[in-house]
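S.K.: For reference, the structure I am asking about is given below.
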Amino acid sequence: MMKILLLVTVLCATMAEAQQDQRALARQLLQGSRAERSQALETTRGLGQGKMDPDLRAALITVLERNNRTVAEAVLRKEPVATFEDPEFIAHVAHVVSQLEDPQAIPALAGALGSGSTLVRDALADFGERAVPAILVVVNAPETHYSVVDEGLIALRFMVEGTGPRPLSAGALDQIRGAARQRLTGKQYFTTLWRAIDLAVALKDPSLRQIVQALASDATEVRARGVTNPDLVAKTQQRAQQRLAGGPASPRYRSHTERNQLLAPR
Amino acid sequence: MTARNSTNRWLAVALLGAGIAAVYACTDATFDEKQPRPSFAPGDIIGPAEVPRENRNDKPKDWSSTGIALTAGLPYRITASGMLTFTDNSAYHDHLGCTPHPTIPSSVGPAGFDMQNRPWAVVAGMGTETTAPPGAPLSFKPPLTASTPEMSALVKSPGGVLWVSRPNVLPWVCGGPGFDEPAWNVSGSQQIQATELELPNAVPDKLSVPVGDTVLFTLQVSWGTISFIGSGTGWRWVPDTTTNTSSLVNNCPRTQLTCKVIVREKGHVEVQNVNVEGMAFDARSPVIVIGAPQFTVTANPGSIASAQSVTFTAAVNTSLEWSLSSWTWTPDVGAGGIDPNDCTTSEKTCVRTISKAGWMKATAVTGPYTLTDSARVSFVACDPEVEIMIGEYQTYQVNLQPTCPDFTNTGGSTHFSWSELNGGFSNGNPHNPWGMVKSALTTGLEATRTNYNRGGISLSSGYRCPHGNNNVGGVPHSWHMHGRAADMYSSEHPWTEDEFNLLKTAAESTGPIESLLWTEYTDHHYHAAW
């Protein structure tokens, strides 16, 4: 009996110590110096998603949200992000949060589509339909920076291609078609137009396909979207033609396991 | 000096030599009687013994014993060596009427002169301790020329002692009343020795086998060619037990120099009359025991200087079925060091990229036996500069524990030079040319360049050591320190936002983990990591 009591006491003490460590990590993530934040982030990543307690997860998401605001503000001010925070650190935070598989992180991840972490779009695609509204918010907002829109369109394409846990509902698909249509029309940055073409073809929607066909065959259609550089016009048409011909879109989706392997020091 | 004096002196030398030979022979005989003759093993040299000679060209030398005793039935290589010098005797020409002698080489080897009957050739044969060889002399192998310093003959000893002689000489001598002058005086020495050779062996492909396993025996001998198995019993299994249930596959006819035996008890094989270089010997194999088969794990290469592909092979020397139950990679330090994943039990040959020193252990199961073996992968010594770099990873608490082979001082890819990928101090690596560039980076960069299809890409930063990364203000866990990141520009087009995004789009098709934006840095470089 005494032995059991002793064991329980030791276990409780160990758990309390671990909780305290994670609280310290969370504090460092939120309040530490540049070096401390980076070290805490790396320690957190090393723990693995299964061993993080809710406070630490929440701290990570908070840091990501804060970084998202920093990036947005820098873009708004037309100042380099590096002036406010190290861009690589911002990407690293997004890497770690993207591997949490935590639905509570969806809005923050959608906001981190322009963080420079290419893992965010894959992670959002893994959530499937649950992540669609958050992505659509950033993709549909006219003021969203093109690089964020581009990443959102890629994430949506991954979902349409069937990477999520279950097929998208008709309603979600309809909303995605709407987003694709919006980004295929009006003035767009050339990369946004390219990602929208990829999504439109993946959706297999006749009316969207018609728009892509028009872009592929008529340079004036491309110029009408604000892409006027002749070289970029030609490249846009070439891309549209390749997709219509069945050429694969890139980048391709990477699974959670693949992403973990990419993140591991090697 | 007169001719007479000269002759006497040579005679004295010859007598002295004969005396020494006699003493040697007596000593040897005494040794033989009182103590057991030392036993020899294949490869041992018996001798050498001096080959007696006269001092003048016209005197033959009769048989004399070398004292070299050879065991009956064993093969030996008999080797005679050394050069004799023939000096023109001026006194020969002092006498009118002496026939002019031909010109000969001034030195001659044991094969004698290149004339009929090979004058001054060493002739050897097998006799007894007291009796000169009764039969034909040994046949020394060509090339037999005057200038050959060494000649040898193979012999199957009938038992006895090696004898030598010089029956043929150069006949030029001039004599008359009061004088006897050879054409040449002879000096120098020659030796003869015997090397014991091994009997032909029936070499098995394994020594310990489970019951019912097949062993392949191959007749082998190192010193000659086995041409055939002569008459006799041919291949025969000889059990060391009372039972004899092993069997020769297809009865192993005498026409075969190999034989497969299904072994069911301890024993060996014997083969009669194996013909080697015209001589017949009996061959036998080592004893085959019943037991666990041999399991070996090998690593090729077993020593590497940088992270590279290593082939691990698991092999069991049995014809019976076997399977692997585990592969375990254990690095000397920490974890990992194997890429992309541990070997699986379905792989008897497993190829992985190894980046740390360590051991690969495998376990195999065959019949009742569970066998294990390990192979080591080691690294060549670390350059002192690399030791410093490794130390920096600890000092700066980087989330990577590189080891010596992770670093190289050369490399690069088709379109990206090593100095560009590895950088100099200005972009974070004062240890250049030593650096660490992962293949993921070079592959990603080359693929990006292909996709970009707009000419060259220049790098403003590639690998950074931790100290250099800190100096340039890099983030503490930057992929630059992992050799997986690069900062890029177009080297052929004005660096505009559009150009940046063309390059970024090209890079993103190659699957980078990081792809930063135009808005990130003041200088708008494109940072990507793979």
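Just so we're on the same page: first chain in the structure tokens is A, next is B, and so on; residues restart at 1 for each chain, and ligands are numbered from 1 in the order they show up.
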Where in region 154-263 of chain A does DSSP assign alpha helix (DSSP H), given as a ChimeraX atom specification?
M.R.: /A:154-160,170-184,190-203,206-217,219-224,230-244,256-263
S.K.: May I have the residues from that selection written out with C-alpha atoms, as a compact mmCIF listing (two decimals), in the first residue's frame?
M.R.:
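The resulting file, out_35.txt, is shown below:
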```txt
# COMPACT_ATOMS: atom_id res chain seq x y z
CA ILE A 154 -3.49 26.10 -53.20
CA ALA A 155 -4.96 24.82 -49.92
CA LEU A 156 -8.43 24.81 -51.47
CA ARG A 157 -7.11 22.92 -54.50
CA PHE A 158 -5.64 20.27 -52.22
CA MET A 159 -9.06 19.85 -50.61
CA VAL A 160 -10.80 19.63 -53.98
CA ALA A 170 -21.83 20.53 -52.16
CA GLY A 171 -22.11 23.76 -50.21
CA ALA A 172 -18.39 23.98 -49.53
CA LEU A 173 -17.62 23.18 -53.15
CA ASP A 174 -19.99 25.89 -54.23
CA GLN A 175 -18.22 28.39 -52.02
CA ILE A 176 -14.85 27.31 -53.38
CA ARG A 177 -16.13 27.67 -56.93
CA GLY A 178 -17.16 31.19 -55.99
CA ALA A 179 -13.71 31.98 -54.69
CA ALA A 180 -12.10 30.57 -57.81
CA ARG A 181 -14.41 32.60 -59.99
CA GLN A 182 -13.62 35.75 -58.04
CA ARG A 183 -9.88 35.22 -58.48
CA LEU A 184 -10.24 34.34 -62.16
CA PHE A 190 -0.24 37.04 -62.05
CA THR A 191 0.59 34.39 -59.44
CA THR A 192 -2.98 34.60 -58.06
CA LEU A 193 -4.32 34.10 -61.55
CA TRP A 194 -2.08 31.05 -61.94
CA ARG A 195 -3.25 29.49 -58.66
CA ALA A 196 -6.86 30.26 -59.56
CA ILE A 197 -6.42 28.51 -62.90
CA ASP A 198 -5.10 25.44 -61.09
CA LEU A 199 -8.06 25.46 -58.69
CA ALA A 200 -10.60 26.05 -61.46
CA VAL A 201 -9.38 23.09 -63.48
CA ALA A 202 -9.31 20.88 -60.36
CA LEU A 203 -12.96 21.82 -59.65
CA PRO A 206 -17.73 23.79 -66.92
CA SER A 207 -18.19 27.50 -66.48
CA LEU A 208 -14.85 27.92 -64.70
CA ARG A 209 -13.20 25.79 -67.33
CA GLN A 210 -14.64 28.09 -69.96
CA ILE A 211 -12.91 31.04 -68.29
CA VAL A 212 -9.63 29.16 -68.25
CA GLN A 213 -10.10 28.27 -71.92
CA ALA A 214 -10.61 31.92 -72.70
CA LEU A 215 -7.41 32.81 -70.84
CA ALA A 216 -5.55 30.06 -72.67
CA SER A 217 -6.63 31.16 -76.10
CA ALA A 219 -4.18 37.18 -74.60
CA THR A 220 -6.57 40.06 -74.21
CA GLU A 221 -8.43 38.04 -71.58
CA VAL A 222 -5.20 37.79 -69.60
CA ARG A 223 -4.43 41.46 -70.01
CA ALA A 224 -7.95 42.23 -68.83
CA PRO A 230 3.97 40.22 -72.44
CA ASP A 231 6.25 37.59 -70.93
CA LEU A 232 3.84 37.00 -68.05
CA VAL A 233 0.87 36.99 -70.42
CA ALA A 234 2.53 34.25 -72.46
CA LYS A 235 3.40 32.27 -69.33
CA THR A 236 -0.16 32.58 -68.02
CA GLN A 237 -1.58 31.29 -71.28
CA GLN A 238 0.92 28.49 -71.36
CA ARG A 239 -0.05 27.49 -67.82
CA ALA A 240 -3.75 27.52 -68.67
CA GLN A 241 -3.15 25.39 -71.75
CA GLN A 242 -1.12 22.87 -69.79
CA ARG A 243 -3.77 22.51 -67.11
CA LEU A 244 -6.56 22.14 -69.63
CA HIS A 256 1.40 14.91 -42.08
CA THR A 257 4.09 12.21 -41.98
CA GLU A 258 5.95 13.70 -44.92
CA ARG A 259 5.83 17.09 -43.28
CA ASN A 260 7.15 15.70 -40.02
CA GLN A 261 10.04 14.17 -41.89
CA LEU A 262 10.77 17.49 -43.57
CA LEU A 263 10.76 19.25 -40.21
```
S.K.: Taking only C-alpha atoms into account, what are the residues of chain A at most 8 Å from chain B, put as a count of residues only?
M.R.: 31
S.K.: Which residues are near Ala134 (chain A)? Cut-off 8 Å, only C-alpha atoms, ignore same chain within fewer than 5 positions. Put them as a list of chain:residue names.
M.R.: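 Residues meeting the cut-off are A:Ile106, A:Pro107, A:Ala110.
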S.K.: Could you pull out the residues in region 197-446 of chain B that DSSP calls strand (DSSP E) from the backbone, as a ChimeraX atom specification?
M.R.: /B:201-204,208-209,213-220,226-229,235-239,247-248,258-263,267-276,279-284,289-290,295-300,303-304,308-316,323-331,338-339,349-354,358-366,369-379
S.K.: Mind giving me the straight-line distance from CA of Leu320 (chain B) to CA of Val365 (chain B) in Å, one decimal?
M.R.: 10.7 Å
S.K.: I want to know what sits within 8 Å of region 43-52 of chain A, based on only C-alpha atoms, with residues of the same chain fewer than 6 positions away left out; could you give that as an MDAnalysis selection string?
M.R.: chainID A and resid 22 25 96 99:100
S.K.: Using N, CA and C atoms, can you export the residues from the last selection as a CSV table (one decimal), in the first residue's frame?
M.R.:
```csv
chain,number,residue,atom,x,y,z
A,22,GLN,N,6.4,23.1,-19.1
A,22,GLN,CA,5.6,23.5,-20.3
A,22,GLN,C,5.1,24.9,-20.1
A,25,LEU,N,7.9,27.1,-20.8
A,25,LEU,CA,8.1,27.2,-22.3
A,25,LEU,C,7.1,28.1,-22.9
A,96,VAL,N,5.4,24.7,-36.8
A,96,VAL,CA,5.1,23.9,-35.6
A,96,VAL,C,3.6,23.8,-35.3
A,99,GLN,N,1.6,21.4,-37.5
A,99,GLN,CA,1.7,20.0,-37.2
A,99,GLN,C,0.9,19.6,-35.9
A,100,LEU,N,0.2,20.6,-35.3
A,100,LEU,CA,-0.5,20.3,-34.1
A,100,LEU,C,-1.8,19.5,-34.4
```
S.K.: List the spatial neighbours of His525 (chain B) as a PyMOL selection string - criterion: any atom at most 7 Å away, only C-alpha atoms, same-chain residues fewer than 4 positions off excluded.
M.R.: chain B and resi 487-489+521
S.K.: Excluding Leu170 (chain B) and its own-chain neighbours fewer than 4 positions away, which residues fall within 6 Å of it when counting only C-alpha atoms? Please give them as a tab-separated table (two decimals) with C-alpha atoms, in the first residue's frame.
M.R.:
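Done, and the output landed in out_21.tsv:
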```tsv
chain	number	residue	atom	x	y	z
B	57	ASN	CA	85.55	-23.48	-66.09
B	58	ASP	CA	86.58	-26.99	-67.16
B	119	PRO	CA	77.36	-25.93	-69.20
```
S.K.: Identify, on the basis of only C-alpha atoms, every residue whose closest approach to region 368-378 of chain B does not exceed 8 Å; exclude the query and any residue fewer than 4 positions from it along the same chain; express the result as a PDB file with N, CA and C atoms, in the first residue's frame.
M.R.:
```
ATOM      1  N   ALA B 292      25.082 -24.318 -36.092  1.00  0.00           N
ATOM      2  CA  ALA B 292      24.415 -23.152 -36.671  1.00  0.00           C
ATOM      3  C   ALA B 292      25.170 -22.696 -37.906  1.00  0.00           C
ATOM      4  N   PHE B 295      26.107 -16.522 -40.040  1.00  0.00           N
ATOM      5  CA  PHE B 295      25.309 -15.354 -40.445  1.00  0.00           C
ATOM      6  C   PHE B 295      26.220 -14.140 -40.443  1.00  0.00           C
ATOM      7  N   THR B 296      26.237 -13.431 -41.530  1.00  0.00           N
ATOM      8  CA  THR B 296      27.102 -12.250 -41.594  1.00  0.00           C
ATOM      9  C   THR B 296      26.319 -11.030 -42.060  1.00  0.00           C
ATOM     10  N   VAL B 297      26.618  -9.934 -41.429  1.00  0.00           N
ATOM     11  CA  VAL B 297      26.087  -8.639 -41.857  1.00  0.00           C
ATOM     12  C   VAL B 297      27.278  -7.807 -42.287  1.00  0.00           C
ATOM     13  N   THR B 298      27.203  -7.262 -43.470  1.00  0.00           N
ATOM     14  CA  THR B 298      28.309  -6.437 -43.954  1.00  0.00           C
ATOM     15  C   THR B 298      27.798  -5.049 -44.300  1.00  0.00           C
ATOM     16  N   ALA B 299      28.688  -4.098 -44.207  1.00  0.00           N
ATOM     17  CA  ALA B 299      28.388  -2.716 -44.603  1.00  0.00           C
ATOM     18  C   ALA B 299      29.389  -2.321 -45.667  1.00  0.00           C
ATOM     19  N   PRO B 301      30.256   0.935 -48.256  1.00  0.00           N
ATOM     20  CA  PRO B 301      31.555   0.888 -47.614  1.00  0.00           C
ATOM     21  C   PRO B 301      31.418   0.903 -46.099  1.00  0.00           C
ATOM     22  N   GLY B 302      32.405   0.372 -45.431  1.00  0.00           N
ATOM     23  CA  GLY B 302      32.371   0.327 -43.976  1.00  0.00           C
ATOM     24  C   GLY B 302      32.972   1.559 -43.347  1.00  0.00           C
ATOM     25  N   SER B 303      33.595   2.371 -44.164  1.00  0.00           N
ATOM     26  CA  SER B 303      34.190   3.600 -43.650  1.00  0.00           C
ATOM     27  C   SER B 303      33.869   4.718 -44.620  1.00  0.00           C
ATOM     28  N   ILE B 304      33.291   5.779 -44.111  1.00  0.00           N
ATOM     29  CA  ILE B 304      32.893   6.867 -44.991  1.00  0.00           C
ATOM     30  C   ILE B 304      33.389   8.196 -44.435  1.00  0.00           C
ATOM     31  N   PHE B 312      23.926  -2.400 -46.750  1.00  0.00           N
ATOM     32  CA  PHE B 312      24.020  -3.398 -45.693  1.00  0.00           C
ATOM     33  C   PHE B 312      23.488  -4.719 -46.269  1.00  0.00           C
ATOM     34  N   LYS B 356      26.027   9.083 -39.674  1.00  0.00           N
ATOM     35  CA  LYS B 356      26.701   8.997 -38.379  1.00  0.00           C
ATOM     36  C   LYS B 356      27.429   7.659 -38.296  1.00  0.00           C
ATOM     37  N   ALA B 357      28.444   7.623 -37.456  1.00  0.00           N
ATOM     38  CA  ALA B 357      29.095   6.338 -37.210  1.00  0.00           C
ATOM     39  C   ALA B 357      28.165   5.494 -36.339  1.00  0.00           C
ATOM     40  N   GLY B 358      28.198   4.206 -36.539  1.00  0.00           N
ATOM     41  CA  GLY B 358      27.336   3.363 -35.722  1.00  0.00           C
ATOM     42  C   GLY B 358      27.392   1.910 -36.152  1.00  0.00           C
ATOM     43  N   TRP B 359      26.490   1.140 -35.570  1.00  0.00           N
ATOM     44  CA  TRP B 359      26.425  -0.300 -35.833  1.00  0.00           C
ATOM     45  C   TRP B 359      25.066  -0.655 -36.426  1.00  0.00           C
ATOM     46  N   MET B 360      25.102  -1.518 -37.406  1.00  0.00           N
ATOM     47  CA  MET B 360      23.861  -2.086 -37.941  1.00  0.00           C
ATOM     48  C   MET B 360      23.829  -3.562 -37.525  1.00  0.00           C
ATOM     49  N   LYS B 361      22.809  -3.884 -36.754  1.00  0.00           N
ATOM     50  CA  LYS B 361      22.687  -5.260 -36.268  1.00  0.00           C
ATOM     51  C   LYS B 361      21.478  -5.913 -36.940  1.00  0.00           C
ATOM     52  N   ALA B 362      21.622  -7.167 -37.266  1.00  0.00           N
ATOM     53  CA  ALA B 362      20.490  -7.891 -37.852  1.00  0.00           C
ATOM     54  C   ALA B 362      20.346  -9.240 -37.165  1.00  0.00           C
ATOM     55  N   THR B 363      19.148  -9.729 -37.142  1.00  0.00           N
ATOM     56  CA  THR B 363      18.865 -11.049 -36.576  1.00  0.00           C
ATOM     57  C   THR B 363      18.163 -11.878 -37.647  1.00  0.00           C
ATOM     58  N   ALA B 364      18.666 -13.092 -37.805  1.00  0.00           N
ATOM     59  CA  ALA B 364      18.086 -13.994 -38.804  1.00  0.00           C
ATOM     60  C   ALA B 364      17.617 -15.270 -38.124  1.00  0.00           C
TER      61      ALA B 364
END
```
S.K.: Which residue is closest to Pro253 (chain B)? Choose from B:Ser152, B:Ser417, B:Ser231, B:Ser326 and count only C-alpha atoms.
M.R.: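 Ranked by minimum distance to Pro253 (chain B), first place goes to B:Ser231.
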S.K.: Suppose you want the space between CA of Leu324 (chain B) and CA of Lys260 (chain B); what is it in Å?
M.R.: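 Computing it gives 26.2 Å between the two atoms.
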